[in-house]
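Visitor: Have a look at this one before I ask anything.
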Amino acid sequence: MPYKISSYFKKSTHSAPLAVFRIGFGLMMLISIIRFWSYGWIEKLYLKPDFHFSYYGFEWIKPIGDWTYLIFIICGLSAFFVALGYKYRLAIITFFLSFTYIELMDKTTYLNHYYFISILSFLMCFLPANAYFSVDAYHRKVQYDRIPKWCIDSIKLLLGIVYFYAGLAKINSDWLFKAMPLKIWLPSKYDLPFIGENLMQQEWFHYAMSWSGMLYDLSIPFLLLYRKTRVIAFLLVVFFHIFTRVLFPIGMFPYIMIIGSLIFFEKDVHLRIIGFIKRGIRFLQPVKVSVEHKVHAMRYQSIILPIIGLFFLIQFLFPFRYLLYPGELFWREEGYRFSWRVMLMEKRGYANFKVVNQKTDEYFYVDNDDFLTAFQQKQMSFQPDFILEYAHFLADHFQAQGHENLAIYVESYVALNGRRSRPYVDPNVNLLTQKRSFKPKTWILPFNDDINGL
Amino acid sequence: MKRWIPLLITILFLQACSDSDDDAVTSSSDDFDRKAMLENWADNRIIPAYEDLNTKLGSMVEAKDDFVNNPNEVNLEALRTAWLDAYKVWQHVEMFSIGRAEQINYAFQMNVYPTNVDDIQNNIQTQNYDLSSVNNHDAVGFPALDYMLYGVGNSKAEVISYYITDANLNLNYLSDLVDRMKSLTQSIVDDWKNGYRDDFVNNTENSATGSINKLANDYIFYYEKGLRANKIGIPAGNFSNEPFPDKVEAYYHGSGSKVLALEGLTAVQEFFNGVAYNSTNDGRGLADYLDALDINATEEALSTAINNQFDDARNAIQPLDDSFADQVQNNNNMMFEAYDQLQLAVVLLKVDMLQALDISVDFVDADGD
């Protein structure tokens with residue numbers, strides 16, 4: 001067995017798939033940044049709000065005023081350099097750091113696919129993605145058409161984890177036996193051409209979508225791996241992602257996944273793509289760079305491999321950390337993020353904060369519009385870590401205004417997957433007595449219903 | 001297949017860059033006819049209410065003209081009555097911040113209270129004012145008239161003498177206020193009748209700019225701010241350390257605040273059920289929409305729960321003093337109770353109803369997972 005493992009890490013493969021992946025990834029990220037900027041979201045999400053919700057332990061990461069634009073410029077430029085394969089190592093590290101910084105600025109904007117980009121770019125920091133068809137290769141006048149096989153396999157593994165875990169998360173009673181939340185979301189797409197007024201309204205269709213979505217997520221990594229089903233699987237990927245793109249506002253993610261899935265193809269496809277790009281840039285009259293038919297030397301492989309091993313171990317285990325918490329995961333959301341739980345919940349809440357002077361018993365309610373954007377209010381209202389952080393922020397704010405002996409209570413209601421709204425946080429707990437931590441939050445009221453499954 | 005992949009990728013890139021929205025196609029083959037609901041709202045509720053308000057404001061203009069020509073007690077009384085009649089109808093239209101009303105910030109030009117007496121007096125003295133200015137939102141509309149008709153003197157005789165002493169200045173401002181309310185309202189009625197009605201009714205798509213989404217958001221905004229907070233919560237001191245009896249609606253009138261609040265709540269409930277304005281004809285409304293969707297068959301119908309909560313709120317408001325200012329000062333706990341009942345419906349509307357309708361609150365424009 002040890003022999004097998006060490007021989008696996010000595011295997012090499014053609015470097016074209018990784019080069020194409022690098023180009024697709026870089027361009028997609030560049031487009032994402034430009035799109036994000038052009039929609040005015042930098043201003044709206046990071047500059048306009050007075051207060052930002054931080055990840056526990058990352059409170060020091062905040063938007064930096066107008067300099068925030070610079071972070072996006074750096075992020076976009078480094079993505080472009082990644083695509084070019086120009087100073088690749090520096091570019092991908094810069095991209096990973098700037099992109100992750102952006103995502104850590106405010107957890108209101110958390111999306112699984114942003115997390116995916118962060119960890120994927122982390123992984124790519126260790127891969128020789130500039131070995132072939134890159135500006136770096138052009139400069140060093142040599143390109144290597146072989147790279148260690150594990151480099152490409154690691155990306156396949158990460159993509160596979162995303163799909164497979166997303167599929168596992170769909171194995172729950174709300175998704176499979178109540179067709180929730182699709183039963184809410186699909187009928188509201190009544191304005192789609194052709195299918196909006198009929199198919200989208202059919203209950204059987206909601207169930208069909210739920211079940212096929214679950215089966216798709218669980219099986220697609222294997223269908224992509226297996227040569228005979230690969231083309232069909234890729235068509236499925238394209239169909240599935242385009243369809244979800246039509247239905248839901250999910251931005252660039254579907255395109256990123258489609259382009260990303262190309263890595264499962266053999267080198268012929270990628271050489272053809274590279275040839276296609278080469279014809280496109282013929283006008284630049286690039287000098288031909290000689291191809292060395294040997295494996296791109298990787299320094300520090302003995303350090304890199306354990307790091308990547310640890311990285312994947314965390315990826316395997318982290319989504320299951322919710323098992324350490326009591327109660328219903330969907331209700332309490334302890335261990336919900338960073339676990340590929342995508343589109344599983346239609347959850348909304350309402351949180352009304354009460355500021356009390358404990359000496360005089362005088363109190364007043366907070367108008368959340370004074371402090372939070374509509375988007376922040378929406379996210380805060382059903383996520384307990386947001387509620388707690390906001391309560392402490394309010395206390396700081398009102399203390400600075402001269403209020404004394406403060407206690408802060410919240411009257412909150414949450415509705416989950418079509419169930420009637422019910423009280424969420426214990427209204428008798430002074431939130432200021434609670435500290436942020438990873439411990440179970442005792443002040444969340446019980447769900448009083450069951451969602452069975454993984 | 002494989003040779004098509006580069007082409008496919010190019011197409012994807014182009015599509016990713018364009019992010020085009022699909023055009024809405026309107027037909028009515030599913031269970032609930034959304035266009036019919038919009039027609040019911042426009043034809044049986046919004047337009048008739050605006051027309052009624054326009055008529056009432058027309059009468060107010062006439063009463064005002066009589067008073068300007070002859071500022072006596074009889075004419076003052078007639079003008080005051082016309083004002084209150086129009087103010088009651090106003091409660092039925094404040095929630096419709098859509099179309100021209102949204103463009104011109106109609107509600108801000110008609111009903112911002114407490115009114116700012118300093119601004120009003122300053123406008124009168126300088127005679128140099130632009131009533132449409134944002135700075136004058138608290139010096140125009142029904143609340144400014146409340147002050148002009150009840151606040152400038154302690155008795156009718158004092159009010160009249162106020163208009164006789166500085167006749168030109170004071171009567172001018174009164175006149176301008178009334179005329180402006182009428183002309184604003186007229187422009188909105190005209191807009192609905194000259195094309196906007198069809199735009200509104202045909203815009204059935206489920207997007208931030210779709211009529212149902214916009215009006216549902218306006219409706220909840222009105223309920224939460226215009227009704228719950230402004231009429232009850234703020235005067236009772238729900239948002240401050242101390243109560244503000246002088247922040248009630250129709251403060252100078254003295255006993256109008258309850259009538260107006262109840263009228264507002266009636267408007268809210270009638271709109272929810274799709275009841276025609278000034279009639280008992282029950283057409284399609286949000287309640288019917290919720291019943292058609294029926295996303296949770298195991299619990300009591302959401303429409304019933306919401307109607308019951310409206311009834312509870314009404315029952316909590318009914319025993320209050322006609323003057324909320326007096327109620328705040330004498331027994332504020334009853335104001336708090338009324339507020340709490342109103343508040344429970346906010347949760348049902350904003351959380352449960354919007355979840356069932358899958359409408360987002362206030363166009364949160366960002367990507368989802």
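Letters A, B, ... mark the chains of the structure tokens in the order given; residue numbers begin at 1 per chain; ligand numbers begin at 1, in order shown.
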List the neighbours of A:Phe338 out to 7 Å using only C-alpha atoms; skip same-chain residues closer than 4 positions along the sequence, and give me the result as a ChimeraX atom specification.
Guide: /A:112,115,319
Visitor: Filtering to N, CA, C and O atoms, could you give me those residues as a tab-separated table (two decimals), in the first residue's frame?
Guide:
chain	number	residue	atom	x	y	z
A	112	ASN	N	-21.77	30.15	-0.59
A	112	ASN	CA	-20.94	28.96	-0.70
A	112	ASN	C	-19.97	29.06	-1.86
A	112	ASN	O	-18.84	28.60	-1.78
A	115	TYR	N	-16.90	30.98	-1.02
A	115	TYR	CA	-16.01	30.13	-0.21
A	115	TYR	C	-15.28	29.15	-1.12
A	115	TYR	O	-14.08	28.92	-0.97
A	319	PRO	N	-17.63	19.97	7.07
A	319	PRO	CA	-19.09	20.02	6.90
A	319	PRO	C	-19.87	19.22	7.95
A	319	PRO	O	-21.07	19.43	8.11
Visitor: What lies within 6 Å of stretch 350-356 of chain B using only C-alpha atoms, ignoring chain neighbours under 4 positions off, as a PyMOL selection string?
Guide: (chain A and resi 348-349) or (chain B and resi 346)
Visitor: Output C-alpha atoms of each residue in that selection to a file, as a JSON list (two decimals), in the first residue's frame.
Guide:
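Just written: out.json:
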[["chain", "number", "residue", "atom", "x", "y", "z"],
["A", 348, "ARG", "CA", -36.90, 34.57, 6.79],
["A", 349, "GLY", "CA", -37.01, 36.35, 10.04],
["B", 346, "VAL", "CA", -45.90, 42.87, 10.89]]
Visitor: Write out as a short mmCIF file (atom, residue, chain, number, x, y, z; two decimals) with all heavy atoms, in the first residue's frame each polymer residue whose atoms come within 7 Å of B:Arg284, counting only C-alpha atoms; drop sequence neighbours fewer than 3 positions from it.
Guide:
data_model
loop_
_atom_site.label_atom_id
_atom_site.label_comp_id
_atom_site.auth_asym_id
_atom_site.auth_seq_id
_atom_site.Cartn_x
_atom_site.Cartn_y
_atom_site.Cartn_z
N MET B 37 -55.80 40.10 -10.24
CA MET B 37 -55.61 40.74 -8.93
C MET B 37 -55.16 42.19 -9.12
O MET B 37 -55.68 43.09 -8.46
CB MET B 37 -54.58 39.98 -8.10
CG MET B 37 -54.28 40.62 -6.75
SD MET B 37 -53.34 39.54 -5.63
CE MET B 37 -51.69 39.67 -6.35
N ASN B 40 -58.07 44.19 -10.20
CA ASN B 40 -58.95 44.48 -9.06
C ASN B 40 -58.39 45.61 -8.21
O ASN B 40 -59.11 46.52 -7.80
CB ASN B 40 -59.15 43.21 -8.22
CG ASN B 40 -60.11 43.44 -7.07
OD1 ASN B 40 -61.15 44.07 -7.24
ND2 ASN B 40 -59.75 42.98 -5.89
N GLY B 274 -58.65 42.36 -0.80
CA GLY B 274 -59.07 42.71 -2.15
C GLY B 274 -60.47 43.28 -2.23
O GLY B 274 -61.12 43.23 -3.28
N ASP B 288 -56.42 36.05 -1.16
CA ASP B 288 -56.78 35.02 -2.13
C ASP B 288 -55.54 34.39 -2.77
O ASP B 288 -55.50 33.19 -3.05
CB ASP B 288 -57.66 35.63 -3.23
CG ASP B 288 -58.83 36.37 -2.65
OD1 ASP B 288 -59.88 35.74 -2.45
OD2 ASP B 288 -58.69 37.57 -2.35
#
Visitor: Would you mind listing what lies within 9 Å of B:Ala345 as a ChimeraX atom specification, with only C-alpha atoms counted and same-chain residues fewer than 6 positions away left out?
Guide: /B:305-307,309-310,313
Visitor: Write down as a PyMOL selection string the residues of stretch 51-299 of chain B whose backbone DSSP state falls under helix (DSSP H, G or I).
Guide: chain B and resi 51-69+73-93+100-103+106-110+117-126+134-139+141-151+156-165+167-202+211-236+245-247+257-273+286-293
Visitor: Which neighbours of B:Asp311 fall inside 12 Å, counting only C-alpha atoms, when residues of the same chain fewer than 3 positions from it are skipped, and could you give them as a PDB file with all heavy atoms, in the first residue's frame?
Guide:
ATOM      1  N   LEU B 262     -57.810  54.159  12.800  1.00  0.00           N
ATOM      2  CA  LEU B 262     -58.759  53.085  12.480  1.00  0.00           C
ATOM      3  C   LEU B 262     -59.034  53.037  10.982  1.00  0.00           C
ATOM      4  O   LEU B 262     -59.151  51.970  10.387  1.00  0.00           O
ATOM      5  CB  LEU B 262     -60.058  53.282  13.258  1.00  0.00           C
ATOM      6  CG  LEU B 262     -59.980  52.922  14.750  1.00  0.00           C
ATOM      7  CD1 LEU B 262     -61.264  53.346  15.473  1.00  0.00           C
ATOM      8  CD2 LEU B 262     -59.725  51.430  14.945  1.00  0.00           C
ATOM      9  N   LEU B 265     -56.179  51.331   9.363  1.00  0.00           N
ATOM     10  CA  LEU B 265     -56.209  49.887   9.568  1.00  0.00           C
ATOM     11  C   LEU B 265     -57.273  49.231   8.686  1.00  0.00           C
ATOM     12  O   LEU B 265     -57.051  48.152   8.117  1.00  0.00           O
ATOM     13  CB  LEU B 265     -56.468  49.565  11.046  1.00  0.00           C
ATOM     14  CG  LEU B 265     -56.439  48.084  11.422  1.00  0.00           C
ATOM     15  CD1 LEU B 265     -55.099  47.452  11.062  1.00  0.00           C
ATOM     16  CD2 LEU B 265     -56.715  47.903  12.908  1.00  0.00           C
ATOM     17  N   THR B 266     -58.404  49.895   8.546  1.00  0.00           N
ATOM     18  CA  THR B 266     -59.450  49.391   7.645  1.00  0.00           C
ATOM     19  C   THR B 266     -58.918  49.306   6.216  1.00  0.00           C
ATOM     20  O   THR B 266     -59.124  48.310   5.519  1.00  0.00           O
ATOM     21  CB  THR B 266     -60.679  50.322   7.686  1.00  0.00           C
ATOM     22  OG1 THR B 266     -61.138  50.380   9.027  1.00  0.00           O
ATOM     23  CG2 THR B 266     -61.786  49.820   6.777  1.00  0.00           C
ATOM     24  N   VAL B 268     -55.886  48.961   5.280  1.00  0.00           N
ATOM     25  CA  VAL B 268     -54.910  47.872   5.226  1.00  0.00           C
ATOM     26  C   VAL B 268     -55.608  46.522   5.070  1.00  0.00           C
ATOM     27  O   VAL B 268     -55.241  45.694   4.237  1.00  0.00           O
ATOM     28  CB  VAL B 268     -54.033  47.884   6.502  1.00  0.00           C
ATOM     29  CG1 VAL B 268     -53.369  46.544   6.722  1.00  0.00           C
ATOM     30  CG2 VAL B 268     -52.983  48.981   6.411  1.00  0.00           C
ATOM     31  N   GLN B 269     -56.645  46.324   5.872  1.00  0.00           N
ATOM     32  CA  GLN B 269     -57.318  45.029   5.840  1.00  0.00           C
ATOM     33  C   GLN B 269     -58.110  44.846   4.545  1.00  0.00           C
ATOM     34  O   GLN B 269     -58.137  43.754   3.974  1.00  0.00           O
ATOM     35  CB  GLN B 269     -58.240  44.881   7.057  1.00  0.00           C
ATOM     36  CG  GLN B 269     -58.754  43.465   7.237  1.00  0.00           C
ATOM     37  CD  GLN B 269     -59.303  43.192   8.622  1.00  0.00           C
ATOM     38  OE1 GLN B 269     -59.478  44.123   9.416  1.00  0.00           O
ATOM     39  NE2 GLN B 269     -59.584  41.939   8.926  1.00  0.00           N
ATOM     40  N   GLU B 270     -58.754  45.924   4.104  1.00  0.00           N
ATOM     41  CA  GLU B 270     -59.517  45.815   2.853  1.00  0.00           C
ATOM     42  C   GLU B 270     -58.600  45.524   1.678  1.00  0.00           C
ATOM     43  O   GLU B 270     -58.919  44.725   0.797  1.00  0.00           O
ATOM     44  CB  GLU B 270     -60.312  47.105   2.600  1.00  0.00           C
ATOM     45  CG  GLU B 270     -61.513  47.227   3.526  1.00  0.00           C
ATOM     46  CD  GLU B 270     -62.320  48.500   3.286  1.00  0.00           C
ATOM     47  OE1 GLU B 270     -61.919  49.318   2.435  1.00  0.00           O
ATOM     48  OE2 GLU B 270     -63.356  48.664   3.958  1.00  0.00           O
ATOM     49  N   THR B 304     -56.222  33.666   7.109  1.00  0.00           N
ATOM     50  CA  THR B 304     -57.068  33.742   8.305  1.00  0.00           C
ATOM     51  C   THR B 304     -56.284  34.300   9.486  1.00  0.00           C
ATOM     52  O   THR B 304     -56.777  35.161  10.228  1.00  0.00           O
ATOM     53  CB  THR B 304     -57.591  32.338   8.669  1.00  0.00           C
ATOM     54  OG1 THR B 304     -58.103  31.716   7.487  1.00  0.00           O
ATOM     55  CG2 THR B 304     -58.661  32.409   9.736  1.00  0.00           C
ATOM     56  N   ALA B 305     -55.072  33.797   9.645  1.00  0.00           N
ATOM     57  CA  ALA B 305     -54.246  34.275  10.760  1.00  0.00           C
ATOM     58  C   ALA B 305     -54.019  35.780  10.667  1.00  0.00           C
ATOM     59  O   ALA B 305     -54.069  36.499  11.667  1.00  0.00           O
ATOM     60  CB  ALA B 305     -52.910  33.537  10.771  1.00  0.00           C
ATOM     61  N   ILE B 306     -53.764  36.257   9.449  1.00  0.00           N
ATOM     62  CA  ILE B 306     -53.494  37.686   9.273  1.00  0.00           C
ATOM     63  C   ILE B 306     -54.758  38.494   9.546  1.00  0.00           C
ATOM     64  O   ILE B 306     -54.729  39.511  10.256  1.00  0.00           O
ATOM     65  CB  ILE B 306     -52.926  37.952   7.858  1.00  0.00           C
ATOM     66  CG1 ILE B 306     -51.510  37.353   7.754  1.00  0.00           C
ATOM     67  CG2 ILE B 306     -52.898  39.442   7.558  1.00  0.00           C
ATOM     68  CD1 ILE B 306     -50.893  37.422   6.376  1.00  0.00           C
ATOM     69  N   ASN B 307     -55.887  38.036   9.009  1.00  0.00           N
ATOM     70  CA  ASN B 307     -57.141  38.756   9.271  1.00  0.00           C
ATOM     71  C   ASN B 307     -57.459  38.789  10.764  1.00  0.00           C
ATOM     72  O   ASN B 307     -57.901  39.811  11.292  1.00  0.00           O
ATOM     73  CB  ASN B 307     -58.294  38.126   8.496  1.00  0.00           C
ATOM     74  CG  ASN B 307     -58.478  38.790   7.135  1.00  0.00           C
ATOM     75  OD1 ASN B 307     -58.449  40.019   7.025  1.00  0.00           O
ATOM     76  ND2 ASN B 307     -58.656  37.983   6.098  1.00  0.00           N
ATOM     77  N   ASN B 308     -57.233  37.661  11.441  1.00  0.00           N
ATOM     78  CA  ASN B 308     -57.485  37.632  12.891  1.00  0.00           C
ATOM     79  C   ASN B 308     -56.592  38.626  13.617  1.00  0.00           C
ATOM     80  O   ASN B 308     -57.028  39.288  14.561  1.00  0.00           O
ATOM     81  CB  ASN B 308     -57.235  36.226  13.445  1.00  0.00           C
ATOM     82  CG  ASN B 308     -58.316  35.252  13.002  1.00  0.00           C
ATOM     83  OD1 ASN B 308     -59.389  35.672  12.557  1.00  0.00           O
ATOM     84  ND2 ASN B 308     -58.029  33.967  13.103  1.00  0.00           N
ATOM     85  N   ARG B 314     -57.399  45.953  15.807  1.00  0.00           N
ATOM     86  CA  ARG B 314     -58.514  46.907  15.844  1.00  0.00           C
ATOM     87  C   ARG B 314     -59.147  46.912  17.233  1.00  0.00           C
ATOM     88  O   ARG B 314     -59.450  47.987  17.776  1.00  0.00           O
ATOM     89  CB  ARG B 314     -59.571  46.566  14.787  1.00  0.00           C
ATOM     90  CG  ARG B 314     -60.708  47.603  14.734  1.00  0.00           C
ATOM     91  CD  ARG B 314     -61.721  47.361  13.626  1.00  0.00           C
ATOM     92  NE  ARG B 314     -61.131  47.518  12.304  1.00  0.00           N
ATOM     93  CZ  ARG B 314     -60.733  46.514  11.545  1.00  0.00           C
ATOM     94  NH1 ARG B 314     -60.878  45.251  11.967  1.00  0.00           N
ATOM     95  NH2 ARG B 314     -60.207  46.735  10.378  1.00  0.00           N
ATOM     96  N   ASN B 315     -59.309  45.718  17.803  1.00  0.00           N
ATOM     97  CA  ASN B 315     -59.914  45.648  19.139  1.00  0.00           C
ATOM     98  C   ASN B 315     -59.051  46.326  20.193  1.00  0.00           C
ATOM     99  O   ASN B 315     -59.575  46.779  21.213  1.00  0.00           O
ATOM    100  CB  ASN B 315     -60.141  44.182  19.530  1.00  0.00           C
ATOM    101  CG  ASN B 315     -61.241  43.565  18.683  1.00  0.00           C
ATOM    102  OD1 ASN B 315     -62.105  44.291  18.155  1.00  0.00           O
ATOM    103  ND2 ASN B 315     -61.207  42.249  18.524  1.00  0.00           N
ATOM    104  N   ALA B 316     -57.759  46.381  19.950  1.00  0.00           N
ATOM    105  CA  ALA B 316     -56.884  47.045  20.913  1.00  0.00           C
ATOM    106  C   ALA B 316     -56.881  48.559  20.716  1.00  0.00           C
ATOM    107  O   ALA B 316     -56.600  49.310  21.646  1.00  0.00           O
ATOM    108  CB  ALA B 316     -55.459  46.500  20.788  1.00  0.00           C
ATOM    109  N   ILE B 317     -57.180  49.004  19.491  1.00  0.00           N
ATOM    110  CA  ILE B 317     -57.187  50.452  19.230  1.00  0.00           C
ATOM    111  C   ILE B 317     -58.520  51.064  19.639  1.00  0.00           C
ATOM    112  O   ILE B 317     -58.573  52.180  20.171  1.00  0.00           O
ATOM    113  CB  ILE B 317     -56.905  50.732  17.726  1.00  0.00           C
ATOM    114  CG1 ILE B 317     -55.485  50.283  17.376  1.00  0.00           C
ATOM    115  CG2 ILE B 317     -57.095  52.206  17.396  1.00  0.00           C
ATOM    116  CD1 ILE B 317     -55.152  50.382  15.899  1.00  0.00           C
ATOM    117  N   GLN B 318     -59.601  50.310  19.432  1.00  0.00           N
ATOM    118  CA  GLN B 318     -60.946  50.845  19.683  1.00  0.00           C
ATOM    119  C   GLN B 318     -61.113  51.480  21.079  1.00  0.00           C
ATOM    120  O   GLN B 318     -61.664  52.569  21.179  1.00  0.00           O
ATOM    121  CB  GLN B 318     -61.992  49.755  19.473  1.00  0.00           C
ATOM    122  CG  GLN B 318     -63.164  50.230  18.653  1.00  0.00           C
ATOM    123  CD  GLN B 318     -63.256  49.524  17.309  1.00  0.00           C
ATOM    124  OE1 GLN B 318     -62.939  48.347  17.197  1.00  0.00           O
ATOM    125  NE2 GLN B 318     -63.679  50.260  16.289  1.00  0.00           N
ATOM    126  N   ALA B 338     -51.796  48.265  22.057  1.00  0.00           N
ATOM    127  CA  ALA B 338     -52.227  48.405  20.659  1.00  0.00           C
ATOM    128  C   ALA B 338     -51.037  48.194  19.729  1.00  0.00           C
ATOM    129  O   ALA B 338     -51.137  47.507  18.706  1.00  0.00           O
ATOM    130  CB  ALA B 338     -52.841  49.781  20.435  1.00  0.00           C
ATOM    131  N   GLN B 341     -50.133  44.517  19.344  1.00  0.00           N
ATOM    132  CA  GLN B 341     -51.045  43.798  18.447  1.00  0.00           C
ATOM    133  C   GLN B 341     -50.734  44.114  16.990  1.00  0.00           C
ATOM    134  O   GLN B 341     -50.751  43.229  16.126  1.00  0.00           O
ATOM    135  CB  GLN B 341     -52.505  44.137  18.775  1.00  0.00           C
ATOM    136  CG  GLN B 341     -52.981  43.588  20.118  1.00  0.00           C
ATOM    137  CD  GLN B 341     -52.843  42.074  20.212  1.00  0.00           C
ATOM    138  OE1 GLN B 341     -53.009  41.363  19.238  1.00  0.00           O
ATOM    139  NE2 GLN B 341     -52.497  41.599  21.404  1.00  0.00           N
ATOM    140  N   LEU B 342     -50.464  45.395  16.714  1.00  0.00           N
ATOM    141  CA  LEU B 342     -50.092  45.776  15.345  1.00  0.00           C
ATOM    142  C   LEU B 342     -48.791  45.072  14.944  1.00  0.00           C
ATOM    143  O   LEU B 342     -48.638  44.598  13.819  1.00  0.00           O
ATOM    144  CB  LEU B 342     -49.898  47.289  15.246  1.00  0.00           C
ATOM    145  CG  LEU B 342     -51.165  48.143  15.283  1.00  0.00           C
ATOM    146  CD1 LEU B 342     -50.807  49.612  15.481  1.00  0.00           C
ATOM    147  CD2 LEU B 342     -51.960  47.975  13.986  1.00  0.00           C
ATOM    148  N   LEU B 344     -47.564  42.210  15.859  1.00  0.00           N
ATOM    149  CA  LEU B 344     -47.666  40.784  15.532  1.00  0.00           C
ATOM    150  C   LEU B 344     -48.047  40.582  14.063  1.00  0.00           C
ATOM    151  O   LEU B 344     -47.620  39.618  13.431  1.00  0.00           O
ATOM    152  CB  LEU B 344     -48.681  40.105  16.463  1.00  0.00           C
ATOM    153  CG  LEU B 344     -48.183  39.948  17.908  1.00  0.00           C
ATOM    154  CD1 LEU B 344     -49.313  39.468  18.814  1.00  0.00           C
ATOM    155  CD2 LEU B 344     -47.006  38.973  17.963  1.00  0.00           C
ATOM    156  N   ALA B 345     -48.838  41.519  13.537  1.00  0.00           N
ATOM    157  CA  ALA B 345     -49.194  41.391  12.115  1.00  0.00           C
ATOM    158  C   ALA B 345     -48.010  41.717  11.219  1.00  0.00           C
ATOM    159  O   ALA B 345     -47.920  41.207  10.096  1.00  0.00           O
ATOM    160  CB  ALA B 345     -50.386  42.277  11.783  1.00  0.00           C
TER     161      ALA B 345
END
Visitor: Which of these, B:Ser133, B:Ser187, B:Ser59, B:Thr204, has the shortest distance to chain A once you count only C-alpha atoms?
Guide: B:Thr204
Visitor: So that I can see what lies close to stretch 48-53 of chain A, please list as a PyMOL selection string the residues with an atom at most 6 Å from it, counting only C-alpha atoms and leaving out residues fewer than 3 positions away in the same chain.
Guide: chain A and resi 43-44+106-107
Visitor: Need the shell around B:Gln91: protein/DNA/RNA residues with any atom at most 9 Å away, counting only C-alpha atoms. Skip same-chain ones fewer than 3 positions apart. Format as a list in words?
Guide: Ala86, Tyr87, Lys88, Glu94, Met95, Leu260, Ala261, Glu263, Gly264, Leu265, Thr266 and Ala267 of chain B
Visitor: Using atom CA of A:Tyr8 and atom CA of A:Leu317 as the two end points, give the distance in Å to one decimal.
Guide: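 Going from atom CA of A:Tyr8 over to atom CA of A:Leu317, I get 23.7 Å.
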Visitor: Between B:Ala229, B:Leu171, B:Val93, B:Ile98, which residue has the minimum interatomic distance to B:Val159, considering only C-alpha atoms?
Guide: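 Looking only at the distances to B:Val159, the closest residue turns out to be B:Leu171.
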Visitor: Give me, as a tab-separated table, each residue of chain A that comes within 7 Å of chain B, together with its shortest interatomic pair and the distance in Å at one decimal, counting only C-alpha atoms, with rows ordered by chain and rising residue number.
Guide:
residue	atom	partner	partner_atom	distance
A:Leu111	CA	B:Asp369	CA	5.5
A:Asn112	CA	B:Asp369	CA	6.3
A:His113	CA	B:Asp369	CA	6.7
A:Ile184	CA	B:Ala356	CA	6.4
A:Trp185	CA	B:Asp358	CA	6.4
A:Ser188	CA	B:Asp358	CA	6.1
A:Lys189	CA	B:Asn206	CA	6.7
A:Asp191	CA	B:Ala24	CA	5.1
A:Leu192	CA	B:Ala24	CA	6.1
A:Pro193	CA	B:Val25	CA	5.6
A:Glu197	CA	B:Asp30	CA	5.4
A:Asn198	CA	B:Asp30	CA	6.0
A:Gln201	CA	B:Asp30	CA	6.9
A:Pro249	CA	B:Asp367	CA	5.5
A:Ile250	CA	B:Gly368	CA	4.9
A:Gly251	CA	B:Asp367	CA	5.5
A:Met252	CA	B:Ala16	CA	6.6
A:Tyr255	CA	B:Leu12	CA	6.8
A:Val269	CA	B:Lys2	CA	6.4
A:Ile273	CA	B:Pro6	CA	5.7
A:Val342	CA	B:Asp369	CA	6.1
A:Met343	CA	B:Asp369	CA	6.4
A:Arg348	CA	B:Val351	CA	5.7
A:Gly349	CA	B:Val351	CA	5.8
A:Tyr350	CA	B:Val347	CA	6.4
A:Glu362	CA	B:Asn241	CA	6.4
A:Tyr363	CA	B:Asn241	CA	6.0
A:Phe364	CA	B:Phe239	CA	4.7
A:Tyr365	CA	B:Phe239	CA	4.5
A:Val366	CA	B:Phe239	CA	6.1
A:Ala374	CA	B:Val364	CA	6.5
A:Phe375	CA	B:Val364	CA	5.4
A:Ala415	CA	B:Asp352	CA	6.5
A:Gly418	CA	B:Asn296	CA	6.0
A:Arg419	CA	B:Asn296	CA	6.6
A:Arg420	CA	B:Asp352	CA	6.4
A:Ser421	CA	B:Asp352	CA	6.2
Visitor: Given the choices A:Leu90, A:Ile74, A:Ile408, A:Ile387, which gets closest to A:Val425 if the distance is worked out from only C-alpha atoms?
Guide: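 Of the candidates, the smallest distance to A:Val425 is held by A:Ile387.
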Visitor: Which residue is closest to B:Glu102? Choose from B:Asp179, B:Asp218, B:Asp199, B:Glu62 and count only C-alpha atoms.
Guide: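 Result for the nearest residue to B:Glu102: B:Asp218.
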Visitor: Can you measure atom CA of A:Phe234 to atom CA of A:Ser118 for me? One decimal in Å is fine.
Guide: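 That distance, rounded to one decimal, is 23.9 Å.
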Visitor: Would you return as a PyMOL selection string the members of stretch 150-337 of chain A that DSSP assigns to strand (DSSP E or B) on this structure's backbone?
Guide: chain A and resi 172+290-295
Visitor: One decimal, Å: what's the distance from atom CA of A:Leu215 over to atom CA of A:Val162, could you say?
Guide: 13.8 Å
